[in-house]
file start_33.pdb (PDB, C-alpha atoms, pLDDT in the B column)
ATOM      1  CA  MET A   7      33.121  33.381  41.098  1.00 55.00           C
ATOM      2  CA  SER A   8      32.707  32.170  44.681  1.00 66.00           C
ATOM      3  CA  THR A   9      35.750  32.441  46.932  1.00 88.00           C
ATOM      4  CA  THR A  10      34.779  29.312  48.869  1.00 93.00           C
ATOM      5  CA  VAL A  11      33.112  25.975  48.304  1.00 95.00           C
ATOM      6  CA  THR A  12      31.115  24.043  50.856  1.00 97.00           C
ATOM      7  CA  LEU A  13      31.508  20.317  51.388  1.00 98.00           C
ATOM      8  CA  LYS A  14      30.875  17.778  54.102  1.00 98.00           C
ATOM      9  CA  ILE A  15      33.410  15.443  55.664  1.00 98.00           C
ATOM     10  CA  ASP A  16      31.869  12.750  57.842  1.00 97.00           C
ATOM     11  CA  GLY A  17      28.720  14.830  58.111  1.00 96.00           C
ATOM     12  CA  VAL A  18      30.487  18.024  59.198  1.00 95.00           C
ATOM     13  CA  GLU A  19      30.149  21.010  56.870  1.00 96.00           C
ATOM     14  CA  ILE A  20      33.399  22.813  56.092  1.00 96.00           C
ATOM     15  CA  GLN A  21      34.494  25.645  53.829  1.00 95.00           C
ATOM     16  CA  ALA A  22      37.342  25.245  51.372  1.00 96.00           C
ATOM     17  CA  THR A  23      39.201  27.295  48.801  1.00 95.00           C
ATOM     18  CA  PRO A  24      38.386  26.444  45.169  1.00 95.00           C
ATOM     19  CA  GLY A  25      41.233  24.469  43.615  1.00 94.00           C
ATOM     20  CA  SER A  26      42.385  22.974  46.905  1.00 96.00           C
ATOM     21  CA  THR A  27      42.362  19.233  47.461  1.00 98.00           C
ATOM     22  CA  ILE A  28      40.210  17.337  49.916  1.00 98.00           C
ATOM     23  CA  LEU A  29      43.312  16.650  52.009  1.00 98.00           C
ATOM     24  CA  GLU A  30      44.237  20.331  52.173  1.00 97.00           C
ATOM     25  CA  ALA A  31      40.682  21.328  53.068  1.00 97.00           C
ATOM     26  CA  ALA A  32      40.493  18.661  55.754  1.00 98.00           C
ATOM     27  CA  ASP A  33      43.835  19.731  57.243  1.00 97.00           C
ATOM     28  CA  ARG A  34      42.673  23.335  57.551  1.00 96.00           C
ATOM     29  CA  ALA A  35      39.434  22.182  59.174  1.00 96.00           C
ATOM     30  CA  GLY A  36      41.266  20.002  61.699  1.00 97.00           C
ATOM     31  CA  VAL A  37      40.171  16.686  60.191  1.00 97.00           C
ATOM     32  CA  TYR A  38      43.020  14.216  59.926  1.00 98.00           C
ATOM     33  CA  ILE A  39      43.094  12.037  56.829  1.00 98.00           C
ATOM     34  CA  PRO A  40      45.953   9.508  57.083  1.00 98.00           C
ATOM     35  CA  ARG A  41      48.608   9.809  54.398  1.00 97.00           C
ATOM     36  CA  LEU A  42      52.088   8.563  53.621  1.00 97.00           C
ATOM     37  CA  CYS A  43      53.224   9.756  50.184  1.00 96.00           C
ATOM     38  CA  LYS A  44      52.019  13.368  50.627  1.00 96.00           C
ATOM     39  CA  ALA A  45      54.410  15.834  52.267  1.00 95.00           C
ATOM     40  CA  GLU A  46      53.995  19.530  52.967  1.00 92.00           C
ATOM     41  CA  GLY A  47      55.028  21.720  50.044  1.00 93.00           C
ATOM     42  CA  LEU A  48      55.456  18.860  47.565  1.00 95.00           C
ATOM     43  CA  LYS A  49      53.226  18.008  44.630  1.00 92.00           C
ATOM     44  CA  PRO A  50      51.002  15.051  45.579  1.00 92.00           C
ATOM     45  CA  ARG A  51      51.425  11.738  43.756  1.00 89.00           C
ATOM     46  CA  GLY A  52      48.431   9.719  44.938  1.00 92.00           C
ATOM     47  CA  SER A  53      50.629   6.631  45.063  1.00 92.00           C
ATOM     48  CA  CYS A  54      50.210   5.161  48.555  1.00 95.00           C
ATOM     49  CA  ARG A  55      46.384   5.324  48.653  1.00 96.00           C
ATOM     50  CA  VAL A  56      46.385   5.519  52.449  1.00 98.00           C
ATOM     51  CA  CYS A  57      44.413   8.763  52.108  1.00 98.00           C
ATOM     52  CA  THR A  58      41.604   7.081  50.155  1.00 98.00           C
ATOM     53  CA  VAL A  59      38.172   8.508  51.027  1.00 98.00           C
ATOM     54  CA  LEU A  60      34.707   8.025  49.600  1.00 98.00           C
ATOM     55  CA  VAL A  61      33.576  10.989  47.513  1.00 98.00           C
ATOM     56  CA  ASN A  62      29.871  10.837  46.832  1.00 97.00           C
ATOM     57  CA  GLY A  63      30.194   7.104  47.382  1.00 96.00           C
ATOM     58  CA  ARG A  64      33.242   6.520  45.164  1.00 97.00           C
ATOM     59  CA  PRO A  65      36.811   5.894  46.387  1.00 97.00           C
ATOM     60  CA  GLN A  66      39.259   8.714  45.603  1.00 97.00           C
ATOM     61  CA  PRO A  67      42.740   9.675  46.876  1.00 97.00           C
ATOM     62  CA  ALA A  68      42.181  12.770  49.010  1.00 98.00           C
ATOM     63  CA  CYS A  69      45.646  14.200  48.246  1.00 97.00           C
ATOM     64  CA  VAL A  70      44.900  14.764  44.549  1.00 97.00           C
ATOM     65  CA  GLN A  71      41.102  15.047  44.398  1.00 97.00           C
ATOM     66  CA  PRO A  72      39.969  18.719  44.146  1.00 97.00           C
ATOM     67  CA  VAL A  73      37.092  19.916  46.301  1.00 98.00           C
ATOM     68  CA  ALA A  74      33.719  20.726  44.747  1.00 97.00           C
ATOM     69  CA  ASP A  75      30.661  22.499  46.059  1.00 96.00           C
ATOM     70  CA  GLY A  76      28.214  20.073  47.644  1.00 97.00           C
ATOM     71  CA  MET A  77      30.733  17.235  47.784  1.00 98.00           C
ATOM     72  CA  VAL A  78      30.067  14.570  50.419  1.00 98.00           C
ATOM     73  CA  VAL A  79      33.230  12.933  51.770  1.00 98.00           C
ATOM     74  CA  GLU A  80      33.448   9.892  54.021  1.00 98.00           C
ATOM     75  CA  ASN A  81      36.775   9.586  55.794  1.00 98.00           C
ATOM     76  CA  ASP A  82      36.324   7.708  59.047  1.00 97.00           C
ATOM     77  CA  THR A  83      34.280   4.550  58.408  1.00 97.00           C
ATOM     78  CA  PRO A  84      34.922   0.930  59.426  1.00 97.00           C
ATOM     79  CA  ALA A  85      35.516  -0.056  55.789  1.00 97.00           C
ATOM     80  CA  LEU A  86      38.032   2.736  55.168  1.00 98.00           C
ATOM     81  CA  ARG A  87      39.838   2.031  58.423  1.00 98.00           C
ATOM     82  CA  GLU A  88      40.183  -1.607  57.366  1.00 97.00           C
ATOM     83  CA  HIS A  89      41.357  -0.566  53.888  1.00 97.00           C
ATOM     84  CA  ARG A  90      44.083   1.630  55.383  1.00 98.00           C
ATOM     85  CA  ARG A  91      45.067  -1.019  57.899  1.00 98.00           C
ATOM     86  CA  ARG A  92      45.611  -3.549  55.127  1.00 97.00           C
ATOM     87  CA  LEU A  93      47.718  -1.104  53.090  1.00 97.00           C
ATOM     88  CA  ILE A  94      49.913  -0.336  56.095  1.00 98.00           C
ATOM     89  CA  GLU A  95      50.359  -4.026  56.864  1.00 98.00           C
ATOM     90  CA  MET A  96      51.356  -4.760  53.267  1.00 97.00           C
ATOM     91  CA  LEU A  97      53.979  -2.008  53.357  1.00 97.00           C
ATOM     92  CA  PHE A  98      55.510  -3.628  56.429  1.00 97.00           C
ATOM     93  CA  VAL A  99      55.732  -7.134  54.966  1.00 97.00           C
ATOM     94  CA  GLU A 100      56.955  -5.982  51.546  1.00 96.00           C
ATOM     95  CA  GLY A 101      60.088  -4.442  53.078  1.00 97.00           C
ATOM     96  CA  ASN A 102      62.449  -5.144  55.952  1.00 97.00           C
ATOM     97  CA  HIS A 103      61.260  -2.878  58.761  1.00 96.00           C
ATOM     98  CA  PHE A 104      62.878  -3.735  62.079  1.00 94.00           C
ATOM     99  CA  CYS A 105      61.399  -0.995  64.255  1.00 94.00           C
ATOM    100  CA  PRO A 106      63.049  -1.876  67.608  1.00 92.00           C
ATOM    101  CA  PHE A 107      66.524  -0.992  66.352  1.00 91.00           C
ATOM    102  CA  CYS A 108      65.775   1.414  63.494  1.00 96.00           C
ATOM    103  CA  GLU A 109      67.166   4.901  64.102  1.00 95.00           C
ATOM    104  CA  LYS A 110      63.929   6.382  62.712  1.00 96.00           C
ATOM    105  CA  SER A 111      61.839   4.647  65.385  1.00 97.00           C
ATOM    106  CA  GLY A 112      59.604   7.136  67.173  1.00 97.00           C
ATOM    107  CA  GLN A 113      59.776   9.488  64.220  1.00 97.00           C
ATOM    108  CA  CYS A 114      58.753   7.094  61.447  1.00 98.00           C
ATOM    109  CA  GLU A 115      55.381   7.833  59.883  1.00 98.00           C
ATOM    110  CA  LEU A 116      54.767   4.226  58.850  1.00 98.00           C
ATOM    111  CA  GLN A 117      55.361   3.058  62.406  1.00 98.00           C
ATOM    112  CA  ALA A 118      53.175   5.875  63.752  1.00 98.00           C
ATOM    113  CA  LEU A 119      50.338   4.928  61.405  1.00 98.00           C
ATOM    114  CA  ALA A 120      50.572   1.335  62.625  1.00 98.00           C
ATOM    115  CA  TYR A 121      50.237   2.544  66.209  1.00 97.00           C
ATOM    116  CA  ARG A 122      47.283   4.750  65.317  1.00 97.00           C
ATOM    117  CA  PHE A 123      45.484   1.836  63.661  1.00 97.00           C
ATOM    118  CA  GLY A 124      46.310  -0.614  66.433  1.00 96.00           C
ATOM    119  CA  ILE A 125      48.552  -2.828  64.324  1.00 96.00           C
ATOM    120  CA  THR A 126      50.889  -4.923  66.447  1.00 92.00           C
ATOM    121  CA  ALA A 127      51.745  -7.513  63.800  1.00 93.00           C
ATOM    122  CA  PRO A 128      50.769  -7.794  60.113  1.00 95.00           C
ATOM    123  CA  ARG A 129      48.371 -10.574  59.117  1.00 96.00           C
ATOM    124  CA  TYR A 130      50.350 -11.272  55.932  1.00 97.00           C
ATOM    125  CA  PRO A 131      53.562 -13.330  55.621  1.00 97.00           C
ATOM    126  CA  TYR A 132      56.812 -11.382  55.520  1.00 96.00           C
ATOM    127  CA  LEU A 133      58.538 -11.393  52.135  1.00 96.00           C
ATOM    128  CA  PHE A 134      62.031 -10.546  53.444  1.00 96.00           C
ATOM    129  CA  PRO A 135      63.287  -9.079  50.132  1.00 95.00           C
ATOM    130  CA  VAL A 136      67.006  -8.765  49.444  1.00 94.00           C
ATOM    131  CA  ARG A 137      67.717  -5.074  48.918  1.00 95.00           C
ATOM    132  CA  ASP A 138      70.821  -2.908  48.708  1.00 95.00           C
ATOM    133  CA  VAL A 139      72.144  -0.505  51.334  1.00 98.00           C
ATOM    134  CA  ASP A 140      74.085   2.423  49.865  1.00 98.00           C
ATOM    135  CA  ALA A 141      76.539   3.986  52.318  1.00 98.00           C
ATOM    136  CA  THR A 142      78.760   5.658  49.716  1.00 98.00           C
ATOM    137  CA  HIS A 143      77.647   9.203  50.600  1.00 98.00           C
ATOM    138  CA  PRO A 144      79.691  10.852  53.393  1.00 98.00           C
ATOM    139  CA  ASP A 145      76.612  12.283  55.122  1.00 98.00           C
ATOM    140  CA  VAL A 146      73.553  10.308  54.010  1.00 98.00           C
ATOM    141  CA  LEU A 147      72.634   6.614  54.181  1.00 98.00           C
ATOM    142  CA  LEU A 148      70.256   5.031  51.678  1.00 98.00           C
ATOM    143  CA  ASP A 149      68.691   1.817  53.004  1.00 98.00           C
ATOM    144  CA  ARG A 150      66.335   0.420  50.373  1.00 98.00           C
ATOM    145  CA  ASN A 151      65.128  -2.244  52.821  1.00 97.00           C
ATOM    146  CA  ARG A 152      62.954   0.435  54.402  1.00 97.00           C
ATOM    147  CA  CYS A 153      61.773   2.145  51.216  1.00 98.00           C
ATOM    148  CA  VAL A 154      57.976   2.250  50.756  1.00 97.00           C
ATOM    149  CA  LEU A 155      58.142   3.785  47.247  1.00 97.00           C
ATOM    150  CA  CYS A 156      56.276   6.900  48.402  1.00 97.00           C
ATOM    151  CA  GLY A 157      58.108   9.154  45.934  1.00 97.00           C
ATOM    152  CA  ARG A 158      58.690  12.041  48.337  1.00 98.00           C
ATOM    153  CA  CYS A 159      62.449  12.076  47.731  1.00 98.00           C
ATOM    154  CA  VAL A 160      61.885  11.962  43.972  1.00 98.00           C
ATOM    155  CA  ASN A 161      59.613  15.008  44.063  1.00 97.00           C
ATOM    156  CA  ALA A 162      61.759  16.908  46.559  1.00 98.00           C
ATOM    157  CA  SER A 163      65.014  16.355  44.671  1.00 98.00           C
ATOM    158  CA  ARG A 164      63.438  17.367  41.374  1.00 97.00           C
ATOM    159  CA  ASP A 165      61.140  20.216  42.409  1.00 97.00           C
ATOM    160  CA  ALA A 166      62.725  21.662  45.568  1.00 97.00           C
ATOM    161  CA  ASP A 167      66.431  20.888  45.110  1.00 98.00           C
ATOM    162  CA  GLY A 168      66.567  20.983  41.307  1.00 98.00           C
ATOM    163  CA  LYS A 169      68.909  17.990  41.178  1.00 98.00           C
ATOM    164  CA  SER A 170      66.805  14.925  40.249  1.00 98.00           C
ATOM    165  CA  VAL A 171      69.039  12.663  42.330  1.00 98.00           C
ATOM    166  CA  PHE A 172      66.299  10.050  42.866  1.00 98.00           C
ATOM    167  CA  GLU A 173      63.938   8.225  40.519  1.00 98.00           C
ATOM    168  CA  PHE A 174      62.104   4.912  40.329  1.00 97.00           C
ATOM    169  CA  VAL A 175      63.191   2.138  37.977  1.00 97.00           C
ATOM    170  CA  GLY A 176      61.483  -1.163  37.197  1.00 96.00           C
ATOM    171  CA  ARG A 177      57.844  -2.133  37.485  1.00 92.00           C
ATOM    172  CA  GLY A 178      55.659  -4.194  39.786  1.00 89.00           C
ATOM    173  CA  PRO A 179      57.561  -6.190  42.420  1.00 86.00           C
ATOM    174  CA  GLY A 180      60.823  -5.145  40.740  1.00 91.00           C
ATOM    175  CA  LYS A 181      60.247  -1.428  41.207  1.00 95.00           C
ATOM    176  CA  ARG A 182      62.968   0.221  43.288  1.00 96.00           C
ATOM    177  CA  LEU A 183      64.503   3.553  44.165  1.00 98.00           C
ATOM    178  CA  ALA A 184      67.541   4.474  42.049  1.00 98.00           C
ATOM    179  CA  VAL A 185      70.014   7.375  42.019  1.00 98.00           C
ATOM    180  CA  ASN A 186      71.439   9.252  39.055  1.00 97.00           C
ATOM    181  CA  ALA A 187      75.001   7.929  39.391  1.00 98.00           C
ATOM    182  CA  ARG A 188      76.267   4.420  38.688  1.00 96.00           C
ATOM    183  CA  ALA A 189      78.792   4.665  41.507  1.00 98.00           C
ATOM    184  CA  GLY A 190      76.054   5.203  44.087  1.00 98.00           C
ATOM    185  CA  LEU A 191      74.653   8.001  46.204  1.00 98.00           C
ATOM    186  CA  GLY A 192      78.096   9.361  47.024  1.00 98.00           C
ATOM    187  CA  ALA A 193      78.690  10.196  43.362  1.00 98.00           C
ATOM    188  CA  THR A 194      75.520  12.316  43.098  1.00 98.00           C
ATOM    189  CA  LYS A 195      75.084  16.003  43.874  1.00 98.00           C
ATOM    190  CA  LEU A 196      72.928  15.281  46.922  1.00 98.00           C
ATOM    191  CA  GLY A 197      73.696  17.615  49.811  1.00 98.00           C
ATOM    192  CA  ALA A 198      73.072  16.809  53.454  1.00 97.00           C
ATOM    193  CA  GLN A 199      70.797  19.833  53.771  1.00 97.00           C
ATOM    194  CA  ASP A 200      68.741  19.110  50.644  1.00 98.00           C
ATOM    195  CA  ARG A 201      64.982  18.809  51.057  1.00 98.00           C
ATOM    196  CA  ALA A 202      65.221  15.263  49.712  1.00 98.00           C
ATOM    197  CA  THR A 203      67.084  14.220  52.870  1.00 98.00           C
ATOM    198  CA  GLU A 204      64.323  15.603  55.088  1.00 97.00           C
ATOM    199  CA  VAL A 205      61.111  14.213  53.602  1.00 98.00           C
ATOM    200  CA  CYS A 206      61.498  10.428  53.846  1.00 98.00           C
ATOM    201  CA  PRO A 207      58.641   9.153  56.049  1.00 98.00           C
ATOM    202  CA  VAL A 208      60.542   6.018  57.044  1.00 98.00           C
ATOM    203  CA  GLY A 209      64.177   5.052  57.642  1.00 97.00           C
ATOM    204  CA  CYS A 210      65.201   4.736  54.009  1.00 98.00           C
ATOM    205  CA  ILE A 211      67.046   8.058  53.709  1.00 98.00           C
ATOM    206  CA  VAL A 212      68.733   9.057  56.947  1.00 97.00           C
ATOM    207  CA  LYS A 213      71.534  11.422  57.811  1.00 97.00           C
ATOM    208  CA  LYS A 214      74.647   9.896  59.294  1.00 97.00           C
ATOM    209  CA  ARG A 215      75.953  10.637  62.793  1.00 95.00           C
ATOM    210  CA  ILE A 216      72.623  11.812  64.203  1.00 92.00           C
ATOM    211  CA  GLY A 217      70.891   8.457  64.788  1.00 91.00           C
ATOM    212  CA  TYR A 218      69.314   7.895  68.206  1.00 93.00           C
ATOM    213  CA  ALA A 219      70.093  11.508  69.194  1.00 92.00           C
ATOM    214  CA  VAL A 220      66.587  12.033  70.609  1.00 94.00           C
ATOM    215  CA  PRO A 221      65.918   9.953  73.748  1.00 94.00           C
ATOM    216  CA  ILE A 222      62.979   7.541  73.906  1.00 94.00           C
ATOM    217  CA  GLY A 223      59.995   9.404  75.277  1.00 95.00           C
ATOM    218  CA  GLN A 224      60.929  12.656  73.547  1.00 96.00           C
ATOM    219  CA  ARG A 225      60.682  11.538  69.932  1.00 96.00           C
ATOM    220  CA  LYS A 226      58.070  13.024  67.611  1.00 96.00           C
ATOM    221  CA  PHE A 227      55.397  10.357  68.006  1.00 97.00           C
ATOM    222  CA  ASP A 228      56.189   9.218  71.552  1.00 96.00           C
ATOM    223  CA  ARG A 229      53.776  11.635  73.216  1.00 91.00           C
ATOM    224  CA  ARG A 230      51.229  12.417  70.524  1.00 95.00           C
ATOM    225  CA  PRO A 231      49.888  10.141  67.778  1.00 97.00           C
ATOM    226  CA  ILE A 232      50.385  11.004  64.149  1.00 98.00           C
ATOM    227  CA  GLY A 233      47.750  13.505  63.038  1.00 97.00           C
ATOM    228  CA  ALA A 234      47.293  15.035  66.492  1.00 97.00           C
ATOM    229  CA  ASP A 235      48.711  18.365  65.307  1.00 96.00           C
ATOM    230  CA  ILE A 236      46.049  18.553  62.596  1.00 97.00           C
ATOM    231  CA  GLU A 237      43.221  17.517  64.905  1.00 97.00           C
ATOM    232  CA  ALA A 238      44.277  20.225  67.353  1.00 96.00           C
ATOM    233  CA  ARG A 239      43.107  22.840  64.808  1.00 93.00           C
ATOM    234  CA  ARG A 240      39.497  21.683  65.005  1.00 89.00           C
ATOM    235  CA  GLY A 241      36.909  24.026  66.447  1.00 66.00           C
TER     236      GLY A 241
END

call {"tool": "encode", "arguments": {"input": "start_33.pdb", "output": "structure tokens"}}
result
Amino acid sequence: MSTTVTLKIDGVEIQATPGSTILEAADRAGVYIPRLCKAEGLKPRGSCRVCTVLVNGRPQPACVQPVADGMVVENDTPALREHRRRLIEMLFVEGNHFCPFCEKSGQCELQALAYRFGITAPRYPYLFPVRDVDATHPDVLLDRNRCVLCGRCVNASRDADGKSVFEFVGRGPGKRLAVNARAGLGATKLGAQDRATEVCPVGCIVKKRIGYAVPIGQRKFDRRPIGADIEARRG
């Protein structure tokens, strides 16, 4: 059995390990495929669809689609860029994201994706949903206004922390992030150092007493756009 498979991403031939996903293969080759729900070390969900690529002409989520020998992948096309831009814009208007005074600003992946795609204002009307803020935990704040339903905290709490603190309830527009205690986050077994507190891509789950600790200009995405670390591996 071959130890590698050969595929093309945007016309460039790369080698990949059998069983790996397109996203993993692209990362190793220094090709950035935008993503939001996928986090390092966590099982992919394929829920945000920001990583959608064309595989032999058909749309597939790169985070869950395995590589295959001879596969032809399109990642950076005008149509895919527009598809991703629309998804990002919808995530902004479906929540309450006030970037100028959010403590995750400069380190928020949703905000960074908007910058990368040149989004200054969404084209869709804001929905301004009414959502709960849970401040019952002594060390962690849960602000559902900023939740993008990526599922990272659900996977991390279940698979990495072994606690299953978070889960989704409801369907469609009523879907929301819930915790496994009626009294709120403070009544769960969530610890401040749990992986679930580290993986949120936005400002939904944030640790208390550390907000705004990093000065403007020194934050994660102030100097380099999202994906620049992956692209630095190329060649």

call {"tool": "closest_atom_pairs", "arguments": {"input": "start_33.pdb", "of": "range 79-106 of chain A", "to": "range 27-48 of chain A", "cutoff": "9 Å", "atoms": "all atoms listed in the file", "output": "tab-separated table"}}
result
residue	atom	partner	partner_atom	distance
A:Val79	CA	A:Ile28	CA	8.5
A:Asn81	CA	A:Ile39	CA	6.9
A:Asp82	CA	A:Ile39	CA	8.3
A:Arg90	CA	A:Pro40	CA	8.3

call {"tool": "atom_distance", "arguments": {"input": "start_33.pdb", "atom1": "CA of Glu19 in chain A", "atom2": "CA of Gly63 in chain A"}}
result
16.8 Å

call {"tool": "residues_around", "arguments": {"input": "start_33.pdb", "residues": "Cys108 in chain A", "least_positions_apart": "5", "cutoff": "12 Å", "atoms": "only C-alpha atoms", "output": "list in words"}}
result
Asn102, His103, Gln113, Cys114, Gln117, Asp149, Asn151, Arg152, Val208, Gly209, Cys210, Ile211, Val212, Gly217 and Tyr218 of chain A

call {"tool": "resolve_selection", "arguments": {"input": "start_33.pdb", "expression": "the PyMOL selection byres ((chain A and resi 161) around 10)", "output": "JSON list (two decimals) with C-alpha atoms, keeping the file's coordinate frame"}}
result
[["chain", "number", "residue", "atom", "x", "y", "z"],
["A", 45, "ALA", "CA", 54.41, 15.83, 52.27],
["A", 48, "LEU", "CA", 55.46, 18.86, 47.56],
["A", 49, "LYS", "CA", 53.23, 18.01, 44.63],
["A", 50, "PRO", "CA", 51.00, 15.05, 45.58],
["A", 51, "ARG", "CA", 51.42, 11.74, 43.76],
["A", 156, "CYS", "CA", 56.28, 6.90, 48.40],
["A", 157, "GLY", "CA", 58.11, 9.15, 45.93],
["A", 158, "ARG", "CA", 58.69, 12.04, 48.34],
["A", 159, "CYS", "CA", 62.45, 12.08, 47.73],
["A", 160, "VAL", "CA", 61.88, 11.96, 43.97],
["A", 162, "ALA", "CA", 61.76, 16.91, 46.56],
["A", 163, "SER", "CA", 65.01, 16.36, 44.67],
["A", 164, "ARG", "CA", 63.44, 17.37, 41.37],
["A", 165, "ASP", "CA", 61.14, 20.22, 42.41],
["A", 166, "ALA", "CA", 62.72, 21.66, 45.57],
["A", 167, "ASP", "CA", 66.43, 20.89, 45.11],
["A", 168, "GLY", "CA", 66.57, 20.98, 41.31],
["A", 170, "SER", "CA", 66.81, 14.92, 40.25],
["A", 171, "VAL", "CA", 69.04, 12.66, 42.33],
["A", 172, "PHE", "CA", 66.30, 10.05, 42.87],
["A", 173, "GLU", "CA", 63.94, 8.22, 40.52],
["A", 201, "ARG", "CA", 64.98, 18.81, 51.06],
["A", 202, "ALA", "CA", 65.22, 15.26, 49.71],
["A", 205, "VAL", "CA", 61.11, 14.21, 53.60]]

call {"tool": "closest_residue", "arguments": {"input": "start_33.pdb", "among": "A:Asp145, A:Glu100, A:Asp235, A:Glu115", "to": "Pro179 in chain A", "atoms": "only C-alpha atoms"}}
result
A:Glu100

call {"tool": "residues_around", "arguments": {"input": "start_33.pdb", "residues": "Ile125 in chain A", "least_positions_apart": "3", "cutoff": "8 Å", "atoms": "all atoms listed in the file", "output": "list in words"}}
result
Arg91, Glu95, Ala120, Tyr121, Arg122 and Pro128 of chain A

call {"tool": "residues_around", "arguments": {"input": "start_33.pdb", "residues": "Pro65 in chain A", "least_positions_apart": "2", "cutoff": "12 Å", "atoms": "only C-alpha atoms", "output": "compact mmCIF listing (two decimals) with C-alpha atoms, in the frame of the given file"}}
result
# COMPACT_ATOMS: atom_id res chain seq x y z
CA ARG A 55 46.38 5.32 48.65
CA VAL A 56 46.38 5.52 52.45
CA CYS A 57 44.41 8.76 52.11
CA THR A 58 41.60 7.08 50.16
CA VAL A 59 38.17 8.51 51.03
CA LEU A 60 34.71 8.02 49.60
CA VAL A 61 33.58 10.99 47.51
CA ASN A 62 29.87 10.84 46.83
CA GLY A 63 30.19 7.10 47.38
CA PRO A 67 42.74 9.68 46.88
CA ALA A 68 42.18 12.77 49.01
CA GLN A 71 41.10 15.05 44.40
CA VAL A 78 30.07 14.57 50.42
CA VAL A 79 33.23 12.93 51.77
CA GLU A 80 33.45 9.89 54.02
CA ASN A 81 36.78 9.59 55.79
CA ALA A 85 35.52 -0.06 55.79
CA LEU A 86 38.03 2.74 55.17
CA HIS A 89 41.36 -0.57 53.89

call {"tool": "closest_residue", "arguments": {"input": "start_33.pdb", "among": "A:Gly17, A:His143, A:Gly233, A:Lys214", "to": "Ala187 in chain A", "atoms": "all atoms listed in the file"}}
result
A:His143

call {"tool": "atom_distance", "arguments": {"input": "start_33.pdb", "atom1": "CA of Arg239 in chain A", "atom2": "CA of Cys54 in chain A"}}
result
25.0 Å

call {"tool": "closest_residue", "arguments": {"input": "start_33.pdb", "among": "A:Pro131, A:Ile222, A:Ile236, A:Val175", "to": "Phe107 in chain A", "atoms": "only C-alpha atoms"}}
result
A:Ile222

call {"tool": "resolve_selection", "arguments": {"input": "start_33.pdb", "expression": "the PyMOL selection byres ((chain A and resi 190-193) around 9)", "output": "list in words"}}
result
Asp140, Ala141, Thr142, His143, Pro144, Asp145, Val146, Leu147, Leu148, Val171, Ala184, Val185, Asn186, Ala187, Arg188, Ala189, Thr194, Lys195 and Leu196 of chain A

call {"tool": "write_last_selection", "arguments": {"input": "start_33.pdb", "atoms": "C-alpha atoms", "output": "compact mmCIF listing (two decimals), in the coordinates of the input"}}
result
# COMPACT_ATOMS: atom_id res chain seq x y z
CA ASP A 140 74.08 2.42 49.86
CA ALA A 141 76.54 3.99 52.32
CA THR A 142 78.76 5.66 49.72
CA HIS A 143 77.65 9.20 50.60
CA PRO A 144 79.69 10.85 53.39
CA ASP A 145 76.61 12.28 55.12
CA VAL A 146 73.55 10.31 54.01
CA LEU A 147 72.63 6.61 54.18
CA LEU A 148 70.26 5.03 51.68
CA VAL A 171 69.04 12.66 42.33
CA ALA A 184 67.54 4.47 42.05
CA VAL A 185 70.01 7.38 42.02
CA ASN A 186 71.44 9.25 39.06
CA ALA A 187 75.00 7.93 39.39
CA ARG A 188 76.27 4.42 38.69
CA ALA A 189 78.79 4.66 41.51
CA THR A 194 75.52 12.32 43.10
CA LYS A 195 75.08 16.00 43.87
CA LEU A 196 72.93 15.28 46.92

call {"tool": "atom_distance", "arguments": {"input": "start_33.pdb", "atom1": "CA of Arg182 in chain A", "atom2": "CA of Glu88 in chain A"}}
result
26.8 Å

call {"tool": "axis_aligned_box", "arguments": {"input": "start_33.pdb", "around": "range 140-146 of chain A", "padding_each_side": "6 Å", "output": "AutoDock Vina command-line options"}}
result
--center_x 76.6 --center_y 7.4 --center_z 52.4 --size_x 18.1 --size_y 21.9 --size_z 17.4

call {"tool": "resolve_selection", "arguments": {"input": "start_33.pdb", "expression": "the PyMOL selection byres ((chain A and resi 226) around 7)", "output": "ChimeraX atom specification"}}
result
/A:112-113,224-225,227-228

call {"tool": "closest_residue", "arguments": {"input": "start_33.pdb", "among": "A:Ala118, A:Leu133, A:Leu155, A:Met96", "to": "Gly176 in chain A", "atoms": "all atoms listed in the file"}}
result
A:Leu155

call {"tool": "residues_around", "arguments": {"input": "start_33.pdb", "residues": "range 73-75 of chain A", "least_positions_apart": "3", "cutoff": "9 Å", "atoms": "only C-alpha atoms", "output": "PDB file with C-alpha atoms, in the frame of the given file"}}
result
ATOM      1  CA  THR A  10      34.779  29.312  48.869  1.00 93.00           C
ATOM      2  CA  VAL A  11      33.112  25.975  48.304  1.00 95.00           C
ATOM      3  CA  THR A  12      31.115  24.043  50.856  1.00 97.00           C
ATOM      4  CA  LEU A  13      31.508  20.317  51.388  1.00 98.00           C
ATOM      5  CA  ALA A  22      37.342  25.245  51.372  1.00 96.00           C
ATOM      6  CA  THR A  23      39.201  27.295  48.801  1.00 95.00           C
ATOM      7  CA  PRO A  24      38.386  26.444  45.169  1.00 95.00           C
ATOM      8  CA  GLY A  25      41.233  24.469  43.615  1.00 94.00           C
ATOM      9  CA  SER A  26      42.385  22.974  46.905  1.00 96.00           C
ATOM     10  CA  THR A  27      42.362  19.233  47.461  1.00 98.00           C
ATOM     11  CA  ILE A  28      40.210  17.337  49.916  1.00 98.00           C
ATOM     12  CA  ALA A  31      40.682  21.328  53.068  1.00 97.00           C
TER      13      ALA A  31
END

call {"tool": "closest_residue", "arguments": {"input": "start_33.pdb", "among": "A:Ser53, A:Val220, A:Arg64, A:Gly197", "to": "Lys110 in chain A", "atoms": "all atoms listed in the file"}}
result
A:Val220
